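Structure data (CSV, C-alpha atoms and all ligand atoms) from protein-v2.csv:
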```
chain,number,residue,atom,x,y,z
A,423,MET,CA,-14.9,98.3,-5.4
A,424,GLU,CA,-16.9,97.4,-8.5
A,425,ILE,CA,-17.8,94.1,-9.8
A,426,VAL,CA,-17.8,92.7,-13.4
A,427,ILE,CA,-19.7,89.4,-13.7
A,428,MET,CA,-18.7,86.9,-16.4
A,429,LEU,CA,-21.5,84.9,-18.0
A,430,GLY,CA,-21.2,82.1,-20.5
A,431,ALA,CA,-21.8,78.4,-20.9
A,432,PRO,CA,-19.4,75.8,-19.6
A,433,GLY,CA,-16.9,75.6,-22.5
A,434,SER,CA,-17.6,79.1,-23.7
A,435,GLY,CA,-14.0,80.0,-22.8
A,436,LYS,CA,-15.1,82.5,-20.1
A,437,GLY,CA,-12.5,81.2,-17.6
A,438,THR,CA,-9.7,81.6,-20.2
A,439,LEU,CA,-11.0,85.1,-21.1
A,440,ALA,CA,-11.1,86.1,-17.4
A,441,VAL,CA,-7.5,85.0,-16.8
A,442,GLU,CA,-6.5,87.0,-19.9
A,443,LEU,CA,-8.4,90.1,-18.8
A,444,ALA,CA,-6.8,89.9,-15.4
A,445,LYS,CA,-3.3,89.6,-16.9
A,446,GLU,CA,-3.9,92.7,-19.2
A,447,THR,CA,-5.4,95.0,-16.6
A,448,GLY,CA,-4.5,93.8,-13.1
A,449,ILE,CA,-8.2,93.3,-12.4
A,450,ARG,CA,-8.6,90.7,-9.7
A,451,HIS,CA,-10.1,87.4,-11.1
A,452,LEU,CA,-12.2,85.3,-8.8
A,453,SER,CA,-13.4,81.9,-10.1
A,454,SER,CA,-16.0,80.1,-8.0
A,455,GLY,CA,-15.0,76.8,-9.6
A,456,ASP,CA,-11.3,77.4,-8.6
A,457,LEU,CA,-12.3,78.5,-5.2
A,458,LEU,CA,-14.3,75.3,-4.7
A,459,ARG,CA,-11.7,73.0,-6.2
A,460,ALA,CA,-9.1,74.5,-3.8
A,461,ALA,CA,-11.4,73.9,-0.9
A,462,VAL,CA,-12.0,70.3,-2.0
A,463,LYS,CA,-8.3,69.7,-2.3
A,464,GLU,CA,-7.5,71.2,1.1
A,465,GLY,CA,-10.4,69.2,2.6
A,466,THR,CA,-12.0,72.3,4.4
A,467,PRO,CA,-15.5,71.7,5.7
A,468,ALA,CA,-17.0,73.6,2.7
A,469,GLY,CA,-14.8,71.5,0.4
A,470,VAL,CA,-16.0,68.2,2.0
A,471,LYS,CA,-19.6,69.3,1.5
A,472,ALA,CA,-19.0,70.5,-2.1
A,473,LYS,CA,-17.2,67.5,-3.5
A,474,ALA,CA,-20.1,65.1,-4.4
A,475,TYR,CA,-22.1,67.9,-6.0
A,476,MET,CA,-19.2,69.0,-8.2
A,477,GLU,CA,-18.3,65.5,-9.3
A,478,SER,CA,-21.8,64.8,-10.5
A,479,GLY,CA,-22.0,68.1,-12.4
A,480,ASN,CA,-24.6,69.6,-10.0
A,481,LEU,CA,-24.5,73.0,-8.4
A,482,VAL,CA,-23.3,73.2,-4.8
A,483,PRO,CA,-25.8,74.8,-2.4
A,484,ASP,CA,-26.3,78.5,-2.9
A,485,GLU,CA,-25.3,79.5,0.7
A,486,LEU,CA,-22.1,77.4,0.6
A,487,ILE,CA,-20.7,79.2,-2.4
A,488,ALA,CA,-22.2,82.6,-1.4
A,489,GLU,CA,-20.4,82.5,1.9
A,490,MET,CA,-17.1,81.7,0.3
A,491,ILE,CA,-17.5,84.6,-2.2
A,492,GLU,CA,-18.6,87.0,0.5
A,493,ASP,CA,-15.4,86.2,2.5
A,494,VAL,CA,-13.3,87.1,-0.5
A,495,VAL,CA,-15.2,90.3,-1.2
A,496,ARG,CA,-14.8,91.4,2.5
A,497,ALA,CA,-11.1,90.5,2.6
A,498,ASP,CA,-10.5,92.3,-0.7
A,499,ALA,CA,-12.2,95.6,0.1
A,500,ASN,CA,-9.3,97.5,-1.4
A,501,THR,CA,-9.5,95.8,-4.8
A,502,GLN,CA,-10.7,98.2,-7.4
A,503,THR,CA,-12.4,95.8,-9.8
A,504,LEU,CA,-13.3,92.2,-9.1
A,505,LEU,CA,-14.1,89.9,-12.0
A,506,LEU,CA,-16.5,87.3,-10.8
A,507,ASP,CA,-16.3,84.1,-12.9
A,508,GLY,CA,-18.9,81.4,-12.1
A,509,PHE,CA,-20.9,83.2,-9.5
A,510,PRO,CA,-23.8,83.9,-9.6
A,511,ARG,CA,-24.9,80.7,-11.3
A,512,ASN,CA,-28.7,81.1,-10.9
A,513,VAL,CA,-31.2,83.8,-10.1
A,514,PRO,CA,-31.3,83.2,-6.3
A,515,GLN,CA,-27.5,83.6,-6.2
A,516,ALA,CA,-27.8,86.8,-8.2
A,517,GLU,CA,-30.2,88.1,-5.6
A,518,ILE,CA,-27.8,87.0,-2.8
A,519,LEU,CA,-25.0,88.9,-4.6
A,520,ALA,CA,-27.1,92.0,-5.0
A,521,GLY,CA,-27.7,92.0,-1.2
A,522,MET,CA,-24.0,91.4,-0.5
A,523,MET,CA,-23.0,94.3,-2.8
A,524,ALA,CA,-25.5,96.7,-1.2
A,525,ARG,CA,-24.1,95.8,2.3
A,526,ALA,CA,-20.5,96.2,1.2
A,527,GLY,CA,-21.2,99.4,-0.9
A,528,VAL,CA,-20.0,97.7,-4.0
A,529,THR,CA,-21.4,98.5,-7.5
A,530,LEU,CA,-22.0,96.4,-10.5
A,531,ARG,CA,-20.1,97.6,-13.5
A,532,CYS,CA,-21.6,95.1,-16.0
A,533,ALA,CA,-22.4,91.5,-16.7
A,534,LEU,CA,-20.3,90.3,-19.6
A,535,LEU,CA,-21.8,87.5,-21.6
A,536,LEU,CA,-19.4,85.4,-23.7
A,537,ASP,CA,-21.8,84.2,-26.4
A,538,VAL,CA,-21.0,80.9,-28.0
A,539,PRO,CA,-23.2,78.4,-30.0
A,540,ASP,CA,-24.0,75.0,-28.5
A,541,GLU,CA,-21.9,72.9,-30.9
A,542,VAL,CA,-18.8,75.0,-30.2
A,543,VAL,CA,-19.4,74.5,-26.5
A,544,VAL,CA,-19.3,70.7,-26.7
A,545,ARG,CA,-16.2,70.7,-28.8
A,546,ARG,CA,-14.4,73.1,-26.5
A,547,ILE,CA,-15.1,71.1,-23.4
A,548,SER,CA,-13.8,67.9,-24.9
A,549,GLY,CA,-10.5,69.8,-25.6
A,550,ARG,CA,-10.1,71.0,-22.1
A,551,ARG,CA,-7.0,69.9,-20.1
A,552,VAL,CA,-5.9,71.0,-16.6
A,553,CYS,CA,-2.7,70.7,-14.6
A,554,PRO,CA,-3.2,68.6,-11.5
A,555,ALA,CA,-0.2,70.1,-9.8
A,556,CYS,CA,-0.7,73.9,-10.2
A,557,GLY,CA,-4.2,74.2,-11.6
A,558,ALA,CA,-3.3,75.9,-14.9
A,559,GLY,CA,-5.9,75.4,-17.6
A,560,PHE,CA,-5.3,74.6,-21.3
A,561,ASN,CA,-7.3,73.7,-24.4
A,562,VAL,CA,-6.0,71.6,-27.2
A,563,ASP,CA,-7.6,74.0,-29.8
A,564,LEU,CA,-7.9,77.3,-28.1
A,565,LEU,CA,-5.0,77.5,-25.7
A,566,PRO,CA,-2.6,74.6,-26.4
A,567,PRO,CA,0.3,74.0,-24.1
A,568,LYS,CA,3.7,74.5,-25.7
A,569,GLN,CA,4.4,70.8,-25.5
A,570,GLU,CA,1.4,68.4,-25.9
A,571,GLY,CA,0.1,67.0,-22.7
A,572,ILE,CA,2.6,69.0,-20.5
A,573,CYS,CA,1.9,72.0,-18.2
A,574,ASP,CA,3.7,75.2,-19.4
A,575,ALA,CA,3.9,76.5,-15.9
A,576,CYS,CA,5.3,73.5,-14.0
A,577,GLY,CA,6.0,70.6,-16.3
A,578,ALA,CA,3.4,68.2,-14.8
A,579,GLU,CA,1.4,65.9,-17.0
A,580,LEU,CA,-2.0,67.4,-18.0
A,581,ILE,CA,-5.3,65.6,-17.2
A,582,ILE,CA,-9.0,65.8,-18.1
A,583,ARG,CA,-11.0,67.0,-15.1
A,584,LYS,CA,-13.4,64.5,-13.7
A,585,ASP,CA,-16.4,66.7,-14.4
A,586,ASP,CA,-15.3,67.1,-18.0
A,587,LYS,CA,-16.1,63.5,-18.8
A,588,PRO,CA,-18.8,63.3,-21.5
A,589,GLU,CA,-21.8,62.1,-19.4
A,590,THR,CA,-21.1,64.8,-16.8
A,591,VAL,CA,-20.6,67.4,-19.4
A,592,ARG,CA,-24.1,66.7,-20.8
A,593,HIS,CA,-25.6,67.1,-17.4
A,594,ARG,CA,-23.7,70.3,-16.7
A,595,LEU,CA,-25.1,71.8,-20.0
A,596,GLU,CA,-28.6,70.9,-18.8
A,597,VAL,CA,-27.9,72.6,-15.5
A,598,TYR,CA,-26.6,75.6,-17.4
A,599,ALA,CA,-29.7,75.8,-19.6
A,600,GLU,CA,-32.1,75.5,-16.7
A,601,GLN,CA,-30.4,77.6,-14.0
A,602,THR,CA,-27.7,79.9,-15.4
A,603,PHE,CA,-29.1,80.9,-18.8
A,604,PRO,CA,-32.0,82.8,-17.1
A,605,LEU,CA,-29.3,85.2,-15.7
A,606,ILE,CA,-28.9,86.6,-19.2
A,607,GLU,CA,-32.4,88.0,-19.1
A,608,TYR,CA,-32.0,89.0,-15.4
A,609,TYR,CA,-29.1,91.3,-16.2
A,610,ARG,CA,-30.6,92.5,-19.5
A,611,GLY,CA,-33.5,93.6,-17.3
A,612,THR,CA,-31.2,95.7,-15.1
A,613,ASP,CA,-29.5,97.2,-18.2
A,614,LYS,CA,-26.1,95.8,-17.2
A,615,LEU,CA,-25.7,93.2,-19.9
A,616,VAL,CA,-22.9,93.5,-22.5
A,617,THR,CA,-22.1,90.7,-25.0
A,618,VAL,CA,-18.9,89.5,-26.7
A,619,ASP,CA,-19.0,87.0,-29.6
A,620,GLY,CA,-17.1,84.1,-28.2
A,621,SER,CA,-17.5,81.7,-31.2
A,622,GLY,CA,-14.0,82.4,-32.8
A,623,ASP,CA,-10.6,81.2,-31.6
A,624,ASP,CA,-8.9,84.7,-31.5
A,625,LEU,CA,-8.3,85.2,-27.8
A,626,ALA,CA,-6.6,88.6,-28.3
A,627,TRP,CA,-9.6,89.9,-30.2
A,628,LYS,CA,-12.0,88.7,-27.5
A,629,THR,CA,-9.9,90.3,-24.8
A,630,GLN,CA,-9.8,93.7,-26.5
A,631,THR,CA,-13.5,93.6,-27.3
A,632,ALA,CA,-14.3,92.6,-23.7
A,633,LEU,CA,-12.2,95.4,-22.4
A,634,GLU,CA,-13.9,98.0,-24.6
A,635,LYS,CA,-17.3,96.8,-23.4
A,636,ILE,CA,-16.3,96.8,-19.8
A,637,ARG,CA,-14.9,100.3,-20.0
A,638,GLY,CA,-18.1,101.3,-21.8
A,701,LIG,P1,-17.6,75.3,-15.6
A,701,LIG,O1,-16.6,74.9,-16.6
A,701,LIG,O2,-18.8,74.5,-15.6
A,701,LIG,O3,-17.9,76.8,-15.7
A,701,LIG,P2,-16.6,75.7,-12.9
A,701,LIG,O4,-15.1,75.5,-12.8
A,701,LIG,O5,-17.1,77.1,-13.0
A,701,LIG,O6,-17.0,75.0,-14.2
A,701,LIG,O7,-17.4,75.0,-11.8
A,701,LIG,C1,-17.2,73.6,-11.6
A,701,LIG,C2,-18.3,73.1,-10.6
A,701,LIG,O8,-18.2,73.8,-9.4
A,701,LIG,C3,-19.7,73.3,-11.1
A,701,LIG,O9,-20.1,72.2,-11.9
A,701,LIG,C4,-20.4,73.3,-9.8
A,701,LIG,O10,-20.6,72.0,-9.2
A,701,LIG,C5,-19.5,74.1,-8.9
A,701,LIG,N1,-19.8,75.5,-8.9
A,701,LIG,C6,-19.0,76.5,-9.3
A,701,LIG,N2,-19.6,77.7,-9.1
A,701,LIG,C7,-20.7,77.5,-8.6
A,701,LIG,C8,-21.8,78.3,-8.1
A,701,LIG,N3,-21.8,79.7,-8.2
A,701,LIG,N4,-22.9,77.7,-7.5
A,701,LIG,C9,-23.0,76.4,-7.4
A,701,LIG,N5,-22.0,75.6,-7.8
A,701,LIG,C10,-20.9,76.1,-8.3
A,702,ZN,ZN,1.2,73.0,-13.7
```
Do you think you could lay out the structure here as structure tokens?
Amino acid sequence: MEIVIMLGAPGSGKGTLAVELAKETGIRHLSSGDLLRAAVKEGTPAGVKAKAYMESGNLVPDELIAEMIEDVVRADANTQTLLLDGFPRNVPQAEILAGMMARAGVTLRCALLLDVPDEVVVRRISGRRVCPACGAGFNVDLLPPKQEGICDACGAELIIRKDDKPETVRHRLEVYAEQTFPLIEYYRGTDKLVTVDGSGDDLAWKTQTALEKIRG
């Protein structure tokens, strides 16, 4: 197995790009946020612990998310390429991941940064909508549903995620700047960083560019 790490601010569109890359290539997409939200919804012990952190826009404890990710990596040993979206989220997690990969004999293909200016990030997050029934994600600008306010996949009414409320968004951006942003230098230092310009709205272009960079 090899791993591609997705890096980018909340609202950079990295989740949307990851879904698209997975669709195009059959690469397995693993979103730490989705994994955590599913655990919260099911009320697993990890989910119960994670809930309050997530609702306030803080990171959940490193070991909690690291264990969940390691379970998937172990169970998916036959997957060729795994696209990690949302993990690692800080330098300690990157170090945990490096240890995990060494133990599992997994290599790092690259860390793909979707680079987006701050103003765009704020606008994107305020446009974000999710389906409470099936979890599908949309964006009023970037990825609008066919019918406004309605999920394409299942027809349920779309909602704004609790942690996409303005005060929480501001806090998440601070957390990103303090904890996640340093990962860019971390992976540049290991010569694994590749960058895609994420400021435009053309998802097909971003997908093709990302694929070229991943394939090297
Ligand atoms: P975002 O849009 O901020 O990228 P995610 O869906 O990736 O949102 O994550 C939502 C929330 O889940 C985060 O605000 C955080 O509380 C938690 N979370 C996700 N991934 C991690 C991680 N690797 N470490 C700690 N907390 C995480
Ligand atoms: Zn739906």
Environment of ligand ZN 702 (chain A) within 10 Å, counting all atoms listed in the file, reported as a VMD selection string: chain A and resid 552 to 559 572 to 580
List all protein, DNA and RNA residues that have any atom at most 6 Å from ligand LIG 701 (chain A), counting all atoms listed in the file, and write the list as a ChimeraX atom specification. /A:432-433,454-456,475-476,479-484,487,508-511
Could you please determine the separation between atom CA of Leu633 of chain A and atom CA of Leu615 of chain A in Å, to one decimal place?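 Between atom CA of Leu633 of chain A and atom CA of Leu615 of chain A the gap works out to 13.9 Å.
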Between atom CA of Thr503 of chain A and atom CA of Val528 of chain A, measure the distance and give it in Å to one decimal.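 One can read the atom CA of Thr503 of chain A to atom CA of Val528 of chain A distance as 9.7 Å.
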Shortest interatomic distance to Val618 of chain A - which of A:Met522, A:Met428, A:Leu564, A:Ala499, counting all atoms listed in the file: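 The shortest atom-to-atom distance to Val618 of chain A comes from A:Met428.
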How would you write as a count of residues only the residues that get within 12 Å of (-32.9, 84.1, -15.3) in the file's frame, counting all atoms listed in the file? 24
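Take the candidates A:Leu519, A:Ala444, A:Ile449, A:Ala626 and check each one against Thr501 of chain A using only C-alpha atoms; the shortest distance goes to A:Ile449.
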Measure the distance from atom CA of Val544 of chain A to atom CA of Pro588 of chain A in Å and round it to one decimal. 9.1 Å
Find, counting all atoms listed in the file, the residue in A:Arg459, A:Lys614, A:Arg637, A:Lys568 that gets nearest to Ala472 of chain A.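 Comparing A:Arg459, A:Lys614, A:Arg637, A:Lys568 against Ala472 of chain A, the winner is A:Arg459.
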Please identify all polymer residues lying at most 12 Å from the point (-10.6, 90.9, -1.4) (file coordinates), using only C-alpha atoms, and present the result as a count of residues only. 26
Using all atoms listed in the file, which of A:Val591, A:Ala524, A:Leu486, A:Leu530 sits nearest Arg545 of chain A?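 Going through A:Val591, A:Ala524, A:Leu486, A:Leu530 one by one, the smallest distance to Arg545 of chain A is for A:Val591.
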Which one is closest to Asp563 of chain A: A:Asp623, A:Asp586, A:Asp507, A:Glu596? Count all atoms listed in the file.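 Residue with the minimum atom-to-atom distance to Asp563 of chain A: A:Asp623.
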Of the candidates A:Ala431, A:Met523, A:Val426, A:Val616, which shows the shortest atom-to-atom distance to Arg594 of chain A, using all atoms listed in the file?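 Going through A:Ala431, A:Met523, A:Val426, A:Val616 one by one, the smallest distance to Arg594 of chain A is for A:Ala431.
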Near Leu439 of chain A, counting all atoms listed in the file, which residues have an atom at most 8 Å away, once you skip same-chain residues fewer than 5 positions from it, shown as a CSV table (one decimal) with C-alpha atoms, in the frame of the given file?
```csv
chain,number,residue,atom,x,y,z
A,625,LEU,CA,-8.3,85.2,-27.8
A,628,LYS,CA,-12.0,88.7,-27.5
A,629,THR,CA,-9.9,90.3,-24.8
```
